[in-house]
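With compact mmCIF, C-alpha atoms inside, this is model_13.txt:
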# COMPACT_ATOMS: atom_id res chain seq x y z
CA MET A 193 135.24 150.97 148.95
CA ASN A 194 136.83 154.27 147.97
CA ILE A 195 140.47 155.17 147.39
CA ILE A 196 141.56 158.58 148.69
CA THR A 197 144.91 160.06 147.62
CA SER A 198 144.59 163.56 149.14
CA ALA A 199 145.41 164.17 152.81
CA LYS A 200 142.96 167.10 152.96
CA GLU A 201 140.16 165.03 151.46
CA MET A 202 140.86 162.17 153.89
CA GLN A 203 140.86 164.57 156.84
CA SER A 204 137.61 166.19 155.77
CA LEU A 205 135.97 162.80 155.28
CA VAL A 206 136.94 161.39 158.69
CA SER A 207 135.89 164.64 160.39
CA GLU A 208 132.37 164.09 159.02
CA ILE A 209 132.44 160.43 160.09
CA ARG A 210 133.46 161.31 163.64
CA THR A 211 130.85 164.08 163.83
CA SER A 212 128.19 161.54 162.90
CA GLY A 213 129.21 159.45 165.92
CA LYS A 214 130.73 156.55 164.01
CA SER A 215 133.95 154.86 165.17
CA ILE A 216 137.04 154.54 162.96
CA GLY A 217 139.48 151.63 162.99
CA PHE A 218 142.78 152.23 161.23
CA VAL A 219 145.38 149.83 159.79
CA PRO A 220 148.54 151.60 158.56
CA THR A 221 150.62 149.51 156.12
CA MET A 222 153.23 149.74 153.40
CA GLY A 223 151.08 147.57 151.15
CA TYR A 224 151.78 144.20 149.53
CA LEU A 225 149.17 142.84 151.90
CA HIS A 226 149.28 139.31 153.28
CA GLU A 227 147.29 137.29 155.81
CA GLY A 228 148.88 139.21 158.69
CA HIS A 229 147.43 142.44 157.36
CA GLN A 230 144.11 140.69 156.73
CA LYS A 231 143.95 139.71 160.40
CA LEU A 232 144.48 143.37 161.39
CA LEU A 233 141.74 144.44 158.99
CA ASN A 234 139.38 141.74 160.28
CA GLU A 235 139.99 142.89 163.86
CA ALA A 236 139.26 146.50 162.88
CA ARG A 237 136.18 145.46 160.91
CA SER A 238 134.71 143.56 163.84
CA HIS A 239 135.00 146.54 166.21
CA HIS A 240 134.31 149.65 164.14
CA ASP A 241 131.73 151.30 161.91
CA ILE A 242 134.38 152.48 159.44
CA VAL A 243 137.71 150.85 158.55
CA VAL A 244 140.52 152.86 156.95
CA LEU A 245 143.58 151.18 155.45
CA SER A 246 146.60 153.26 154.50
CA ILE A 247 149.11 152.08 151.91
CA PHE A 248 152.29 154.12 151.84
CA VAL A 249 155.88 152.97 151.42
CA ASN A 250 157.52 155.49 153.72
CA PRO A 251 160.98 156.57 152.51
CA LEU A 252 161.90 158.03 155.91
CA GLN A 253 162.14 154.61 157.53
CA PHE A 254 164.55 153.13 154.98
CA GLY A 255 168.30 153.52 155.43
CA PRO A 256 170.68 154.34 152.53
CA ASN A 257 171.47 150.67 151.87
CA GLU A 258 167.97 149.31 152.42
CA ASP A 259 165.32 148.14 150.00
CA PHE A 260 163.00 151.14 149.45
CA ASP A 261 163.04 150.84 145.63
CA ARG A 262 162.92 147.05 145.82
CA TYR A 263 160.11 146.91 148.37
CA PRO A 264 157.26 144.88 146.77
CA ARG A 265 154.27 146.88 145.53
CA ASP A 266 151.02 145.62 143.98
CA ILE A 267 148.15 148.05 144.45
CA GLU A 268 145.65 146.03 142.37
CA ARG A 269 146.22 142.97 144.56
CA ASP A 270 146.02 145.14 147.69
CA GLU A 271 142.71 146.63 146.54
CA LYS A 272 141.25 143.16 146.06
CA ILE A 273 142.34 141.99 149.52
CA ALA A 274 141.08 145.21 151.13
CA LYS A 275 137.70 144.88 149.44
CA GLU A 276 137.34 141.28 150.61
CA ALA A 277 138.18 142.37 154.16
CA GLY A 278 135.43 144.99 154.13
CA VAL A 279 137.65 148.08 154.10
CA ASP A 280 135.67 151.30 153.60
CA TYR A 281 138.51 153.62 152.55
CA ILE A 282 142.06 153.16 151.33
CA PHE A 283 144.28 156.15 151.95
CA TYR A 284 146.89 155.85 149.19
CA PRO A 285 149.04 159.00 149.08
CA THR A 286 152.17 159.69 147.05
CA VAL A 287 155.47 160.63 148.65
CA GLN A 288 154.89 164.17 147.38
CA GLU A 289 151.49 164.25 149.08
CA MET A 290 152.90 163.10 152.43
CA TYR A 291 156.08 165.16 152.28
CA PRO A 292 155.39 168.18 150.01
CA ASN A 293 158.09 170.27 151.71
CA ASP A 294 161.32 169.72 153.62
CA MET A 295 160.33 168.90 157.20
CA SER A 296 160.83 171.81 159.60
CA VAL A 297 160.02 169.60 162.60
CA LYS A 298 161.19 166.01 163.07
CA VAL A 299 160.01 163.32 165.45
CA MET A 300 162.92 161.66 167.25
CA VAL A 301 162.41 158.47 169.25
CA THR A 302 164.72 158.46 172.27
CA ASP A 303 163.73 155.23 174.02
CA ARG A 304 163.14 151.59 173.03
CA THR A 305 165.18 152.00 169.83
CA ASP A 306 168.81 151.19 170.69
CA VAL A 307 168.17 147.42 170.72
CA LEU A 308 166.87 144.76 168.30
CA CYS A 309 166.21 146.16 164.79
CA GLY A 310 166.69 149.74 165.93
CA LYS A 311 170.32 149.04 166.87
CA SER A 312 171.35 148.33 163.26
CA ARG A 313 168.89 150.76 161.65
CA PRO A 314 169.61 154.23 163.07
CA GLY A 315 166.82 156.66 162.26
CA HIS A 316 164.39 153.92 161.23
CA PHE A 317 161.97 154.47 164.10
CA ASP A 318 162.24 158.24 163.74
CA GLY A 319 160.82 157.70 160.25
CA VAL A 320 158.12 155.38 161.57
CA ALA A 321 157.13 157.84 164.30
CA THR A 322 157.11 160.76 161.84
CA VAL A 323 154.84 159.09 159.29
CA LEU A 324 152.50 157.74 161.98
CA THR A 325 152.21 161.18 163.56
CA LYS A 326 151.06 162.47 160.17
CA LEU A 327 148.77 159.50 159.50
CA PHE A 328 147.12 159.70 162.94
CA HIS A 329 146.34 163.38 162.32
CA ILE A 330 145.04 162.70 158.81
CA VAL A 331 142.91 159.62 159.58
CA MET A 332 141.93 160.54 163.18
CA PRO A 333 141.11 156.95 164.20
CA HIS A 334 139.65 155.80 167.50
CA LYS A 335 141.89 152.72 167.41
CA ALA A 336 144.90 151.70 165.29
CA TYR A 337 145.89 148.06 164.76
CA PHE A 338 149.48 146.76 164.62
CA GLY A 339 150.93 143.26 164.30
CA LEU A 340 153.14 141.93 167.08
CA LYS A 341 155.54 140.37 164.57
CA ASP A 342 157.29 143.73 164.80
CA ALA A 343 156.91 144.00 168.57
CA GLN A 344 159.57 146.69 168.84
CA GLN A 345 157.52 148.88 166.50
CA VAL A 346 154.44 148.30 168.66
CA ALA A 347 156.41 149.33 171.77
CA VAL A 348 157.68 152.49 170.03
CA VAL A 349 154.20 153.42 168.75
CA GLU A 350 152.64 152.90 172.17
CA GLY A 351 155.27 155.28 173.56
CA LEU A 352 154.54 157.82 170.80
CA VAL A 353 150.80 157.78 171.52
CA ARG A 354 151.34 158.01 175.28
CA ASP A 355 153.96 160.78 175.20
CA PHE A 356 152.15 162.97 172.64
CA ASN A 357 148.67 162.35 174.10
CA PHE A 358 147.12 161.10 170.88
CA PRO A 359 143.40 160.50 171.50
CA LEU A 360 143.49 156.94 170.19
CA GLU A 361 144.21 153.40 171.37
CA ILE A 362 146.89 151.11 169.93
CA VAL A 363 145.68 147.52 169.55
CA PRO A 364 148.45 144.87 169.24
CA VAL A 365 147.43 141.77 167.24
CA GLU A 366 149.11 138.37 167.42
CA THR A 367 151.52 137.32 164.65
CA VAL A 368 149.96 135.37 161.77
CA ARG A 369 151.99 132.36 160.67
CA GLU A 370 152.29 129.89 157.82
CA GLU A 371 151.31 126.29 158.58
CA ASP A 372 154.94 125.47 159.40
CA GLY A 373 155.25 128.43 161.79
CA LEU A 374 157.07 130.99 159.64
CA ALA A 375 155.76 134.49 160.38
CA LYS A 376 153.90 136.02 157.44
CA SER A 377 155.97 138.78 155.83
CA SER A 378 156.09 140.70 152.56
CA ARG A 379 159.79 139.81 152.42
CA ASN A 380 159.21 136.04 152.41
CA VAL A 381 158.88 136.20 148.60
CA TYR A 382 162.64 136.87 148.41
CA LEU A 383 163.56 133.50 149.94
CA SER A 384 164.93 130.76 147.70
CA GLU A 385 163.25 127.35 147.88
CA LYS A 386 166.00 126.05 150.17
CA GLU A 387 165.85 129.14 152.39
CA ARG A 388 162.07 128.95 152.62
CA PHE A 389 162.38 125.35 153.84
CA GLU A 390 164.95 126.42 156.44
CA ALA A 391 163.01 129.51 157.55
CA LYS A 392 160.47 127.44 159.45
CA GLU A 393 163.22 126.76 161.99
CA LEU A 394 163.22 130.38 163.12
CA TYR A 395 159.95 129.95 164.98
CA GLN A 396 161.07 126.53 166.23
CA SER A 397 164.13 128.17 167.79
CA LEU A 398 161.87 130.63 169.62
CA LEU A 399 159.65 127.81 170.86
CA LYS A 400 162.76 126.03 172.15
CA GLY A 401 163.73 129.14 174.08
CA LYS A 402 160.20 129.57 175.40
CA GLU A 403 160.13 125.95 176.57
CA LEU A 404 163.40 126.43 178.46
CA ILE A 405 161.97 129.48 180.24
CA GLU A 406 158.71 127.73 181.08
CA ASN A 407 160.73 124.83 182.51
CA GLY A 408 162.44 127.19 184.93
CA GLU A 409 165.50 128.57 183.14
CA HIS A 410 165.86 132.20 184.28
CA ASN A 411 169.34 132.90 182.88
CA PRO A 412 168.93 135.00 179.69
CA ALA A 413 172.35 133.98 178.32
CA LYS A 414 171.53 130.27 178.43
CA VAL A 415 168.19 130.77 176.68
CA MET A 416 169.73 132.96 173.97
CA GLU A 417 172.54 130.47 173.40
CA ALA A 418 170.04 127.63 172.90
CA VAL A 419 168.08 129.68 170.37
CA ARG A 420 171.25 130.73 168.55
CA LYS A 421 172.50 127.13 168.39
CA HIS A 422 169.21 125.91 166.89
CA ILE A 423 169.30 128.55 164.15
CA GLN A 424 172.93 127.82 163.32
CA GLU A 425 172.37 124.07 163.15
CA HIS A 426 169.19 124.20 161.05
CA THR A 427 169.60 127.15 158.68
CA SER A 428 172.17 128.76 156.38
CA GLY A 429 171.05 132.22 157.52
CA GLU A 430 173.33 134.72 159.20
CA ILE A 431 172.16 135.67 162.70
CA ASP A 432 171.74 139.41 163.12
CA TYR A 433 170.62 139.12 166.74
CA VAL A 434 169.10 136.85 169.37
CA GLU A 435 168.00 139.01 172.31
CA ILE A 436 165.86 139.02 175.44
CA TYR A 437 164.46 142.20 177.00
CA SER A 438 161.66 143.35 179.26
CA TYR A 439 158.54 144.26 177.27
CA PRO A 440 157.46 146.85 176.28
CA GLU A 441 160.28 148.78 178.01
CA LEU A 442 162.97 146.84 176.07
CA LYS A 443 165.44 146.94 178.94
CA LYS A 444 168.20 144.39 179.54
CA LEU A 445 167.51 141.74 182.18
CA GLU A 446 169.96 139.98 184.48
CA GLU A 447 167.24 137.51 185.43
CA LEU A 448 164.11 136.56 183.53
CA LYS A 449 161.00 137.85 185.27
CA GLY A 450 157.82 139.73 184.37
CA LYS A 451 156.76 140.26 180.77
CA ILE A 452 159.65 139.63 178.37
CA ILE A 453 160.33 139.42 174.65
CA LEU A 454 162.59 136.82 173.04
CA ALA A 455 163.38 138.17 169.57
CA ILE A 456 165.51 137.17 166.59
CA ALA A 457 166.60 138.56 163.23
CA VAL A 458 168.24 136.38 160.59
CA LYS A 459 169.65 137.41 157.22
CA PHE A 460 169.19 135.15 154.22
CA THR A 461 170.56 135.95 150.74
CA LYS A 462 167.91 138.52 149.79
CA ALA A 463 165.74 138.81 152.89
CA ARG A 464 166.18 139.70 156.55
CA LEU A 465 163.50 138.03 158.67
CA ILE A 466 162.42 138.93 162.19
CA ASP A 467 160.29 137.05 164.69
CA ASN A 468 159.60 136.99 168.41
CA VAL A 469 157.60 135.51 171.24
CA ILE A 470 156.34 137.49 174.23
CA ILE A 471 156.31 135.53 177.49
CA ASN A 472 155.02 136.21 180.99
CA VAL A 473 157.59 134.70 183.33
As structure tokens - that is how I would like this structure written.
Amino acid sequence: MNIITSAKEMQSLVSEIRTSGKSIGFVPTMGYLHEGHQKLLNEARSHHDIVVLSIFVNPLQFGPNEDFDRYPRDIERDEKIAKEAGVDYIFYPTVQEMYPNDMSVKVMVTDRTDVLCGKSRPGHFDGVATVLTKLFHIVMPHKAYFGLKDAQQVAVVEGLVRDFNFPLEIVPVETVREEDGLAKSSRNVYLSEKERFEAKELYQSLLKGKELIENGEHNPAKVMEAVRKHIQEHTSGEIDYVEIYSYPELKKLEELKGKIILAIAVKFTKARLIDNVIINV
């Protein structure tokens, strides 16, 4: 396994790999890898000759009051996990390497962003789309793997690839969970012992909503109210949102039908956790 810090070197390397006829699977991350990332890497490893992992905490997707400086980083631990997963190359650039000059062109996401996390984080997905545009050009993968825990991000990235005709395929991968159902997240380390015990109820609230839908409830308001009530009764967290939309379009629904997403975000003392289930009604 090799670590590459230069964009030009990474580009040159993958150009040679593609010329040789080998396929490249790509997993873009902000590091502090957990089992969710490992699942993405395992998926890429099982389908490609070469696996590239990027580790870059992207400042463009953090708002002024968000946790860029506090975001957990542990490159030695990440290297160990990547090696165990069979990664061939880690692309590990600095901020200066990725953004050496003031940007003269910006990527602006105009759809699928005014709901869920995008509603309270203006500009967040512009930052995601910008860095992924750069990473896709640098790594030139055949397929890129993303976790469905952040299903809104997957929807935005699929739109980016479609609209800009990137010659690659986005592969969504199911959320990896703890034994009690809590979605794996780098931010789980910020939960207190009491909050960690409560956090398992987030997934339970989603399962309650899913069960209601599967039993014939087609009124979005009733499903969202049941989910909200469960979170309020079983946790001390502050609900940011409980929402239902069509997926991946992320449009409001008067009646539940087709492919939908039931998504939540809950703020604890030092961590904001998100989760979702995607259901075919």
Exercise for the section: Using all atoms listed in the file, find the one residue out of A:His410, A:His229, A:Arg420, A:Arg464 that sits nearest to Lys449 of chain A. Expected result: A:His410
Practice task
Name all residues at most 7 Å from Glu435 of chain A (count all atoms listed in the file; drop same-chain ones fewer than 2 positions away) and give them as a PyMOL selection string.
Solution key: chain A and resi 416+433+437+454-456
Practice task
Find the residues around Lys386 of chain A up to 12 Å (only C-alpha atoms counted), leave out those fewer than 5 positions away in its own chain, and share them as a PyMOL selection string.
Solution key: chain A and resi 391-392+426-429+460-461
Keeping only C-alpha atoms, write the selected residues to a file as a short mmCIF file (atom, residue, chain, number, x, y, z; two decimals), in the coordinates of the input.
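Written file, result11.cif:
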data_model
loop_
_atom_site.label_atom_id
_atom_site.label_comp_id
_atom_site.auth_asym_id
_atom_site.auth_seq_id
_atom_site.Cartn_x
_atom_site.Cartn_y
_atom_site.Cartn_z
CA ALA A 391 163.01 129.51 157.55
CA LYS A 392 160.47 127.44 159.45
CA HIS A 426 169.19 124.20 161.05
CA THR A 427 169.60 127.15 158.68
CA SER A 428 172.17 128.76 156.38
CA GLY A 429 171.05 132.22 157.52
CA PHE A 460 169.19 135.15 154.22
CA THR A 461 170.56 135.95 150.74
#
From (155.6, 132.4, 158.2), in the file's coordinates, out to 12 Å: which residues are reached, counting all atoms listed in the file? Answer as an mmCIF file with C-alpha atoms, keeping the file's coordinate frame.
data_model
loop_
_atom_site.group_PDB
_atom_site.id
_atom_site.type_symbol
_atom_site.label_atom_id
_atom_site.label_comp_id
_atom_site.auth_asym_id
_atom_site.auth_seq_id
_atom_site.Cartn_x
_atom_site.Cartn_y
_atom_site.Cartn_z
ATOM 1 C CA HIS A 226 149.280 139.310 153.280
ATOM 2 C CA GLU A 227 147.290 137.290 155.810
ATOM 3 C CA GLY A 228 148.880 139.210 158.690
ATOM 4 C CA LYS A 341 155.540 140.370 164.570
ATOM 5 C CA THR A 367 151.520 137.320 164.650
ATOM 6 C CA VAL A 368 149.960 135.370 161.770
ATOM 7 C CA ARG A 369 151.990 132.360 160.670
ATOM 8 C CA GLU A 370 152.290 129.890 157.820
ATOM 9 C CA GLU A 371 151.310 126.290 158.580
ATOM 10 C CA ASP A 372 154.940 125.470 159.400
ATOM 11 C CA GLY A 373 155.250 128.430 161.790
ATOM 12 C CA LEU A 374 157.070 130.990 159.640
ATOM 13 C CA ALA A 375 155.760 134.490 160.380
ATOM 14 C CA LYS A 376 153.900 136.020 157.440
ATOM 15 C CA SER A 377 155.970 138.780 155.830
ATOM 16 C CA SER A 378 156.090 140.700 152.560
ATOM 17 C CA ARG A 379 159.790 139.810 152.420
ATOM 18 C CA ASN A 380 159.210 136.040 152.410
ATOM 19 C CA VAL A 381 158.880 136.200 148.600
ATOM 20 C CA LEU A 383 163.560 133.500 149.940
ATOM 21 C CA ARG A 388 162.070 128.950 152.620
ATOM 22 C CA PHE A 389 162.380 125.350 153.840
ATOM 23 C CA GLU A 390 164.950 126.420 156.440
ATOM 24 C CA ALA A 391 163.010 129.510 157.550
ATOM 25 C CA LYS A 392 160.470 127.440 159.450
ATOM 26 C CA GLU A 393 163.220 126.760 161.990
ATOM 27 C CA LEU A 394 163.220 130.380 163.120
ATOM 28 C CA TYR A 395 159.950 129.950 164.980
ATOM 29 C CA GLN A 396 161.070 126.530 166.230
ATOM 30 C CA LEU A 465 163.500 138.030 158.670
ATOM 31 C CA ILE A 466 162.420 138.930 162.190
ATOM 32 C CA ASP A 467 160.290 137.050 164.690
ATOM 33 C CA ASN A 468 159.600 136.990 168.410
#
Contacts of segment 312-427 of chain A with segment 292-303 of chain A up to 7 Å, shortest pair per row, all atoms listed in the file, as CSV:
residue,atom,partner,partner_atom,distance
A:Phe317,CA,A:Val301,CA,6.5
A:Asp318,CA,A:Met300,CA,4.9
A:Ala321,CA,A:Val299,CA,6.3
A:Thr322,CA,A:Val299,CA,5.3
Practice task
Identify, on the basis of all atoms listed in the file, every residue whose closest approach to Arg237 of chain A does not exceed 12 Å; exclude the query and any residue fewer than 6 positions from it along the same chain; express the result as a list in words.
Solution key: Ser215, Ile216, Gly217, Phe218, Val219, Gln230, Lys231, Val243, Val244, Leu245, Ala274, Lys275, Glu276, Ala277, Gly278, Val279, Asp280, Tyr281, Lys335, Ala336 and Tyr337 of chain A
Practice task
Counting all atoms listed in the file, figure out which residue out of A:Pro220, A:Asp306, A:Ile330, A:Pro251 gets nearest to Glu201 of chain A.
Solution key: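 Answer, going by the shortest atom-to-atom distance: A:Ile330.
With distances restricted to all atoms listed in the file, A:Pro359 is the closest residue to Phe328 of chain A from A:Pro314, A:Pro264, A:Gly351, A:Pro359.
The spacing separating atom CA of Val249 of chain A from atom CA of Met222 of chain A amounts to 4.6 Å.
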Practice task
Give the answer as one residue: which of A:Leu233, A:Leu442, A:Val434, A:Ile267 has the shortest atom-to-atom distance to Val346 of chain A, using all atoms listed in the file?
Solution key: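 Checking each of A:Leu233, A:Leu442, A:Val434, A:Ile267 against Val346 of chain A, counting all atoms listed in the file, the winner is A:Leu442.
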Handout entry: Contacts of Phe283 of chain A at 6 Å (all atoms listed in the file; same-chain gap of 4+ positions) as a PyMOL selection string
Key = chain A and resi 196-197+246
Completion exercise
Judged by all atoms listed in the file, the minimum distance to Val287 of chain A among A:Ile247, A:His316, A:Leu399, A:Lys214 is found for A:Ile247
Residue completion, segment 375-406 of chain A, N, CA and C atoms, as a CSV table (one decimal), in the coordinates of the input:
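Saved to out-v4.csv:
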chain,number,residue,atom,x,y,z
A,375,ALA,N,156.6,133.3,160.3
A,375,ALA,CA,155.8,134.5,160.4
A,375,ALA,C,155.5,135.0,159.0
A,376,LYS,N,154.3,135.4,158.7
A,376,LYS,CA,153.9,136.0,157.4
A,376,LYS,C,154.7,137.3,157.3
A,377,SER,N,155.2,137.6,156.1
A,377,SER,CA,156.0,138.8,155.8
A,377,SER,C,156.0,139.0,154.3
A,378,SER,N,156.0,140.3,154.0
A,378,SER,CA,156.1,140.7,152.6
A,378,SER,C,157.4,140.3,152.0
A,379,ARG,N,158.4,140.1,152.9
A,379,ARG,CA,159.8,139.8,152.4
A,379,ARG,C,160.0,138.3,152.2
A,380,ASN,N,159.1,137.5,152.6
A,380,ASN,CA,159.2,136.0,152.4
A,380,ASN,C,159.3,135.7,150.9
A,381,VAL,N,158.8,136.5,150.0
A,381,VAL,CA,158.9,136.2,148.6
A,381,VAL,C,160.3,136.2,148.1
A,382,TYR,N,161.2,136.8,148.8
A,382,TYR,CA,162.6,136.9,148.4
A,382,TYR,C,163.4,135.6,148.8
A,383,LEU,N,162.9,134.7,149.5
A,383,LEU,CA,163.6,133.5,149.9
A,383,LEU,C,163.7,132.5,148.8
A,384,SER,N,164.8,131.9,148.7
A,384,SER,CA,164.9,130.8,147.7
A,384,SER,C,164.2,129.6,148.3
A,385,GLU,N,164.0,128.5,147.4
A,385,GLU,CA,163.2,127.4,147.9
A,385,GLU,C,163.9,126.7,149.1
A,386,LYS,N,165.2,126.6,149.1
A,386,LYS,CA,166.0,126.0,150.2
A,386,LYS,C,165.9,126.9,151.4
A,387,GLU,N,166.0,128.2,151.3
A,387,GLU,CA,165.8,129.1,152.4
A,387,GLU,C,164.4,129.1,153.0
A,388,ARG,N,163.5,129.0,152.1
A,388,ARG,CA,162.1,129.0,152.6
A,388,ARG,C,161.9,127.7,153.5
A,389,PHE,N,162.5,126.6,153.1
A,389,PHE,CA,162.4,125.4,153.8
A,389,PHE,C,163.1,125.5,155.2
A,390,GLU,N,164.2,126.2,155.2
A,390,GLU,CA,165.0,126.4,156.4
A,390,GLU,C,164.3,127.4,157.4
A,391,ALA,N,163.6,128.4,156.8
A,391,ALA,CA,163.0,129.5,157.6
A,391,ALA,C,162.0,129.1,158.6
A,392,LYS,N,161.4,127.9,158.4
A,392,LYS,CA,160.5,127.4,159.4
A,392,LYS,C,161.2,127.2,160.8
A,393,GLU,N,162.5,127.0,160.8
A,393,GLU,CA,163.2,126.8,162.0
A,393,GLU,C,163.4,128.0,162.9
A,394,LEU,N,163.1,129.2,162.3
A,394,LEU,CA,163.2,130.4,163.1
A,394,LEU,C,162.2,130.3,164.3
A,395,TYR,N,161.0,130.0,163.9
A,395,TYR,CA,160.0,130.0,165.0
A,395,TYR,C,160.2,128.8,165.9
A,396,GLN,N,160.7,127.7,165.4
A,396,GLN,CA,161.1,126.5,166.2
A,396,GLN,C,162.1,126.9,167.3
A,397,SER,N,163.1,127.7,166.9
A,397,SER,CA,164.1,128.2,167.8
A,397,SER,C,163.5,129.0,168.9
A,398,LEU,N,162.5,129.8,168.6
A,398,LEU,CA,161.9,130.6,169.6
A,398,LEU,C,161.1,129.7,170.6
A,399,LEU,N,160.4,128.7,170.0
A,399,LEU,CA,159.6,127.8,170.9
A,399,LEU,C,160.6,127.0,171.8
A,400,LYS,N,161.8,126.7,171.3
A,400,LYS,CA,162.8,126.0,172.2
A,400,LYS,C,163.2,126.9,173.3
A,401,GLY,N,163.4,128.2,173.0
A,401,GLY,CA,163.7,129.1,174.1
A,401,GLY,C,162.6,129.3,175.1
A,402,LYS,N,161.4,129.4,174.5
A,402,LYS,CA,160.2,129.6,175.4
A,402,LYS,C,160.0,128.4,176.3
A,403,GLU,N,160.3,127.2,175.8
A,403,GLU,CA,160.1,126.0,176.6
A,403,GLU,C,161.1,125.9,177.7
A,404,LEU,N,162.4,126.4,177.4
A,404,LEU,CA,163.4,126.4,178.5
A,404,LEU,C,163.0,127.3,179.6
A,405,ILE,N,162.4,128.5,179.2
A,405,ILE,CA,162.0,129.5,180.2
A,405,ILE,C,160.8,128.9,181.1
A,406,GLU,N,159.9,128.3,180.4
A,406,GLU,CA,158.7,127.7,181.1
A,406,GLU,C,159.1,126.6,182.0
